[in-house]
Amino acid sequence: MQVLVVGANGQIGTHLVEQLKEEGNHTPIAFVRKQEQVDKFKEKGIEARLGNLESSVQDIKKQMDNIDAIVFAAGSGGSTGIDKTVMIDLDGAVKVMEAAEDMNIKRFIMISAFQADVRDNWNEDMKPYYAAKHYADKFLLNSDLNYTIVRPGMLENEPAIGKVSLTRAMNEFTDPVTIPRKDVADLIAQSLDHERTYRQSFDVTTGDQSIEEALNQL
């Protein structure tokens, strides 16, 4: 598959694009918002397309030619205000979904936020972010797309552990609720054409199962 990674310049996105290229099973295509980011990926032999999630659905569709699957790994970042959170994490995500539907691209993986589906567990200091993720996920759940929604725990820049715990319909949680970004990228790479992940949503943290074992039990 040709996989468009939206937000490829982010940390998980970068891990994912590089891993897909190295494995060779799928072809990654980076969707980024700055020309210097396009140039960076091209230097690595990775196709990159310039796009802006605050532009129109029609403009976003122009970057989706010959795409078979989409991974939404974009985010407004912790240093922006609520306005950017709404425009990128919510409206930007929805526009990418609308564009995917218009282009008949069915496979869609969303990187969401841990417990975004359970309002009572939202971090008090980040409620606008969680609300944006919650409603973007809702839109995806009600779409015709073949979705997988991945809600990782607190992200760390530690080396990959390769052991995870997947949980669905969780109303309570205990430590650990962390996971290395590289493990999230590994899980997404394995999920792309793993039928057990189709139309599934789950939380993921570091655990005691290999990624393959965990996905096989969905």
# chains A, B, ... in the order shown; residues from 1 in each chain; ligands from 1
>>> select_by_dssp(residues="segment 64-135 of chain A", states="strand (DSSP E or B)", output="PyMOL selection string")
chain A and resi 69-72+107-111
>>> residues_around(residues="Ile111 of chain A", least_positions_apart="3", cutoff="9 Å", atoms="only C-alpha atoms", output="list in words")
Val71, Phe72, Ala73, Ala74, Thr148, Ile149, Val150, Arg151, Pro152, Val184 and Ile188 of chain A
>>> residues_around(residues="segment 56-67 of chain A", least_positions_apart="4", cutoff="8 Å", atoms="only C-alpha atoms", output="number ranges by chain")
A: 1-4, 31, 49-52, 95-96, 98-100, 102-103, 105
>>> closest_residue(among="A:Met97, A:Leu20, A:Leu155, A:Ala214", to="Arg196 of chain A", atoms="only C-alpha atoms")
A:Ala214
>>> atom_distance(atom1="atom CA of Leu141 of chain A", atom2="atom CA of Gln200 of chain A")
9.0 Å
>>> residues_around(residues="segment 116-130 of chain A", least_positions_apart="2", cutoff="8 Å", atoms="only C-alpha atoms", output="PyMOL selection string")
chain A and resi 82+85-86+89+112-114+132-134+151+170-171
>>> write_last_selection(atoms="N, CA, C and O atoms", output="PDB file, in the first residue's frame")
ATOM      1  N   ILE A  82      -5.755  27.120  22.267  1.00  0.00           N
ATOM      2  CA  ILE A  82      -6.943  26.314  22.015  1.00  0.00           C
ATOM      3  C   ILE A  82      -7.390  26.439  20.562  1.00  0.00           C
ATOM      4  O   ILE A  82      -7.886  25.482  19.965  1.00  0.00           O
ATOM      5  N   THR A  85      -5.567  23.979  18.488  1.00  0.00           N
ATOM      6  CA  THR A  85      -6.017  22.633  18.858  1.00  0.00           C
ATOM      7  C   THR A  85      -7.303  22.293  18.119  1.00  0.00           C
ATOM      8  O   THR A  85      -7.458  21.196  17.562  1.00  0.00           O
ATOM      9  N   VAL A  86      -8.238  23.231  18.096  1.00  0.00           N
ATOM     10  CA  VAL A  86      -9.503  23.002  17.406  1.00  0.00           C
ATOM     11  C   VAL A  86      -9.284  22.872  15.894  1.00  0.00           C
ATOM     12  O   VAL A  86      -9.831  21.976  15.242  1.00  0.00           O
ATOM     13  N   ASP A  89      -6.288  19.473  15.478  1.00  0.00           N
ATOM     14  CA  ASP A  89      -6.620  18.169  16.059  1.00  0.00           C
ATOM     15  C   ASP A  89      -8.074  17.766  15.824  1.00  0.00           C
ATOM     16  O   ASP A  89      -8.389  16.572  15.806  1.00  0.00           O
ATOM     17  N   SER A 112      -4.944   8.913  18.475  1.00  0.00           N
ATOM     18  CA  SER A 112      -5.770   9.728  19.348  1.00  0.00           C
ATOM     19  C   SER A 112      -5.024   9.969  20.665  1.00  0.00           C
ATOM     20  O   SER A 112      -3.802  10.101  20.670  1.00  0.00           O
ATOM     21  N   ALA A 113      -5.759  10.050  21.764  1.00  0.00           N
ATOM     22  CA  ALA A 113      -5.161  10.307  23.076  1.00  0.00           C
ATOM     23  C   ALA A 113      -5.720   9.318  24.088  1.00  0.00           C
ATOM     24  O   ALA A 113      -6.904   8.939  24.028  1.00  0.00           O
ATOM     25  N   PHE A 114      -4.888   8.907  25.019  1.00  0.00           N
ATOM     26  CA  PHE A 114      -5.257   7.929  26.042  1.00  0.00           C
ATOM     27  C   PHE A 114      -6.529   8.361  26.774  1.00  0.00           C
ATOM     28  O   PHE A 114      -6.617   9.477  27.282  1.00  0.00           O
ATOM     29  N   ALA A 132     -11.116  17.825  21.546  1.00  0.00           N
ATOM     30  CA  ALA A 132     -10.845  17.779  20.106  1.00  0.00           C
ATOM     31  C   ALA A 132     -10.639  16.342  19.647  1.00  0.00           C
ATOM     32  O   ALA A 132     -11.198  15.915  18.618  1.00  0.00           O
ATOM     33  N   LYS A 133      -9.830  15.583  20.383  1.00  0.00           N
ATOM     34  CA  LYS A 133      -9.587  14.187  20.018  1.00  0.00           C
ATOM     35  C   LYS A 133     -10.877  13.368  20.109  1.00  0.00           C
ATOM     36  O   LYS A 133     -11.156  12.522  19.244  1.00  0.00           O
ATOM     37  N   HIS A 134     -11.650  13.607  21.158  1.00  0.00           N
ATOM     38  CA  HIS A 134     -12.888  12.860  21.378  1.00  0.00           C
ATOM     39  C   HIS A 134     -13.825  13.000  20.175  1.00  0.00           C
ATOM     40  O   HIS A 134     -14.359  12.003  19.667  1.00  0.00           O
ATOM     41  N   ARG A 151      -5.161   4.885  20.909  1.00  0.00           N
ATOM     42  CA  ARG A 151      -5.087   5.892  21.962  1.00  0.00           C
ATOM     43  C   ARG A 151      -3.906   5.580  22.882  1.00  0.00           C
ATOM     44  O   ARG A 151      -4.049   4.858  23.880  1.00  0.00           O
ATOM     45  N   MET A 170     -12.281   0.945  28.664  1.00  0.00           N
ATOM     46  CA  MET A 170     -11.675   1.068  29.987  1.00  0.00           C
ATOM     47  C   MET A 170     -12.271   2.275  30.714  1.00  0.00           C
ATOM     48  O   MET A 170     -12.277   3.380  30.194  1.00  0.00           O
ATOM     49  N   ASN A 171     -12.769   2.063  31.916  1.00  0.00           N
ATOM     50  CA  ASN A 171     -13.288   3.163  32.720  1.00  0.00           C
ATOM     51  C   ASN A 171     -12.373   3.501  33.890  1.00  0.00           C
ATOM     52  O   ASN A 171     -12.535   4.527  34.538  1.00  0.00           O
TER      53      ASN A 171
END
>>> residues_around(residues="Leu192 of chain A", least_positions_apart="6", cutoff="12 Å", atoms="only C-alpha atoms", output="VMD selection string")
chain A and resid 1 to 5 16 20 25 to 28 68 to 71 106 to 110 146 to 150 185 to 186 198 to 199 215
>>> closest_residue(among="A:Gln190, A:Val17, A:Arg168, A:Ser55", to="Arg33 of chain A", atoms="only C-alpha atoms")
A:Ser55
>>> atom_distance(atom1="atom CA of Lys42 of chain A", atom2="atom CA of His194 of chain A")
28.4 Å
>>> decode(residues="segment 179-204 of chain A", atoms="N, CA, C and O atoms", output="JSON list (two decimals), in the first residue's frame")
[["chain", "number", "residue", "atom", "x", "y", "z"],
["A", 179, "ILE", "N", 4.24, 4.84, 27.19],
["A", 179, "ILE", "CA", 4.67, 3.98, 26.08],
["A", 179, "ILE", "C", 5.67, 4.77, 25.23],
["A", 179, "ILE", "O", 5.47, 5.96, 24.98],
["A", 180, "PRO", "N", 6.75, 4.13, 24.79],
["A", 180, "PRO", "CA", 7.68, 4.81, 23.88],
["A", 180, "PRO", "C", 7.02, 5.12, 22.54],
["A", 180, "PRO", "O", 6.23, 4.32, 22.02],
["A", 181, "ARG", "N", 7.34, 6.27, 21.98],
["A", 181, "ARG", "CA", 6.79, 6.64, 20.67],
["A", 181, "ARG", "C", 7.12, 5.61, 19.61],
["A", 181, "ARG", "O", 6.33, 5.34, 18.71],
["A", 182, "LYS", "N", 8.31, 5.03, 19.70],
["A", 182, "LYS", "CA", 8.71, 4.03, 18.70],
["A", 182, "LYS", "C", 7.79, 2.81, 18.74],
["A", 182, "LYS", "O", 7.47, 2.23, 17.69],
["A", 183, "ASP", "N", 7.34, 2.42, 19.93],
["A", 183, "ASP", "CA", 6.41, 1.29, 20.03],
["A", 183, "ASP", "C", 5.06, 1.63, 19.41],
["A", 183, "ASP", "O", 4.41, 0.77, 18.80],
["A", 184, "VAL", "N", 4.62, 2.87, 19.55],
["A", 184, "VAL", "CA", 3.37, 3.28, 18.91],
["A", 184, "VAL", "C", 3.52, 3.20, 17.39],
["A", 184, "VAL", "O", 2.64, 2.69, 16.69],
["A", 185, "ALA", "N", 4.64, 3.67, 16.88],
["A", 185, "ALA", "CA", 4.89, 3.58, 15.44],
["A", 185, "ALA", "C", 4.93, 2.12, 14.98],
["A", 185, "ALA", "O", 4.38, 1.78, 13.92],
["A", 186, "ASP", "N", 5.58, 1.26, 15.76],
["A", 186, "ASP", "CA", 5.64, -0.17, 15.41],
["A", 186, "ASP", "C", 4.23, -0.76, 15.35],
["A", 186, "ASP", "O", 3.90, -1.53, 14.43],
["A", 187, "LEU", "N", 3.40, -0.43, 16.33],
["A", 187, "LEU", "CA", 2.04, -0.96, 16.38],
["A", 187, "LEU", "C", 1.24, -0.50, 15.17],
["A", 187, "LEU", "O", 0.51, -1.28, 14.56],
["A", 188, "ILE", "N", 1.39, 0.76, 14.80],
["A", 188, "ILE", "CA", 0.65, 1.28, 13.64],
["A", 188, "ILE", "C", 1.11, 0.59, 12.36],
["A", 188, "ILE", "O", 0.30, 0.20, 11.51],
["A", 189, "ALA", "N", 2.41, 0.42, 12.21],
["A", 189, "ALA", "CA", 2.93, -0.26, 11.03],
["A", 189, "ALA", "C", 2.35, -1.66, 10.90],
["A", 189, "ALA", "O", 1.99, -2.10, 9.80],
["A", 190, "GLN", "N", 2.26, -2.38, 12.02],
["A", 190, "GLN", "CA", 1.71, -3.72, 12.00],
["A", 190, "GLN", "C", 0.20, -3.74, 11.82],
["A", 190, "GLN", "O", -0.38, -4.73, 11.36],
["A", 191, "SER", "N", -0.46, -2.64, 12.17],
["A", 191, "SER", "CA", -1.92, -2.57, 12.09],
["A", 191, "SER", "C", -2.44, -2.29, 10.68],
["A", 191, "SER", "O", -3.60, -2.57, 10.39],
["A", 192, "LEU", "N", -1.59, -1.74, 9.83],
["A", 192, "LEU", "CA", -2.07, -1.25, 8.54],
["A", 192, "LEU", "C", -2.90, -2.27, 7.77],
["A", 192, "LEU", "O", -3.98, -1.93, 7.25],
["A", 193, "ASP", "N", -2.42, -3.48, 7.68],
["A", 193, "ASP", "CA", -3.17, -4.50, 6.95],
["A", 193, "ASP", "C", -3.50, -5.70, 7.83],
["A", 193, "ASP", "O", -3.67, -6.82, 7.34],
["A", 194, "HIS", "N", -3.62, -5.46, 9.13],
["A", 194, "HIS", "CA", -3.97, -6.51, 10.09],
["A", 194, "HIS", "C", -5.49, -6.48, 10.30],
["A", 194, "HIS", "O", -6.02, -5.57, 10.91],
["A", 195, "GLU", "N", -6.18, -7.49, 9.80],
["A", 195, "GLU", "CA", -7.64, -7.46, 9.79],
["A", 195, "GLU", "C", -8.26, -7.39, 11.18],
["A", 195, "GLU", "O", -9.38, -6.90, 11.34],
["A", 196, "ARG", "N", -7.54, -7.86, 12.20],
["A", 196, "ARG", "CA", -8.09, -7.80, 13.56],
["A", 196, "ARG", "C", -8.20, -6.37, 14.07],
["A", 196, "ARG", "O", -8.95, -6.10, 15.02],
["A", 197, "THR", "N", -7.49, -5.44, 13.43],
["A", 197, "THR", "CA", -7.54, -4.04, 13.86],
["A", 197, "THR", "C", -8.60, -3.24, 13.11],
["A", 197, "THR", "O", -8.85, -2.09, 13.47],
["A", 198, "TYR", "N", -9.22, -3.85, 12.11],
["A", 198, "TYR", "CA", -10.17, -3.10, 11.30],
["A", 198, "TYR", "C", -11.41, -2.74, 12.13],
["A", 198, "TYR", "O", -11.96, -3.59, 12.84],
["A", 199, "ARG", "N", -11.82, -1.46, 12.05],
["A", 199, "ARG", "CA", -12.97, -0.94, 12.79],
["A", 199, "ARG", "C", -12.86, -1.24, 14.28],
["A", 199, "ARG", "O", -13.83, -1.65, 14.92],
["A", 200, "GLN", "N", -11.67, -0.99, 14.80],
["A", 200, "GLN", "CA", -11.40, -1.17, 16.22],
["A", 200, "GLN", "C", -10.83, 0.12, 16.80],
["A", 200, "GLN", "O", -10.15, 0.89, 16.11],
["A", 201, "SER", "N", -11.06, 0.34, 18.09],
["A", 201, "SER", "CA", -10.43, 1.44, 18.81],
["A", 201, "SER", "C", -9.98, 0.91, 20.16],
["A", 201, "SER", "O", -10.67, 0.10, 20.78],
["A", 202, "PHE", "N", -8.80, 1.37, 20.60],
["A", 202, "PHE", "CA", -8.26, 0.84, 21.85],
["A", 202, "PHE", "C", -7.19, 1.77, 22.42],
["A", 202, "PHE", "O", -6.56, 2.54, 21.70],
["A", 203, "ASP", "N", -7.01, 1.67, 23.76],
["A", 203, "ASP", "CA", -5.89, 2.31, 24.43],
["A", 203, "ASP", "C", -4.68, 1.40, 24.34],
["A", 203, "ASP", "O", -4.82, 0.16, 24.32],
["A", 204, "VAL", "N", -3.49, 1.99, 24.32],
["A", 204, "VAL", "CA", -2.27, 1.17, 24.30],
["A", 204, "VAL", "C", -1.24, 1.79, 25.23],
["A", 204, "VAL", "O", -1.00, 3.00, 25.20]]
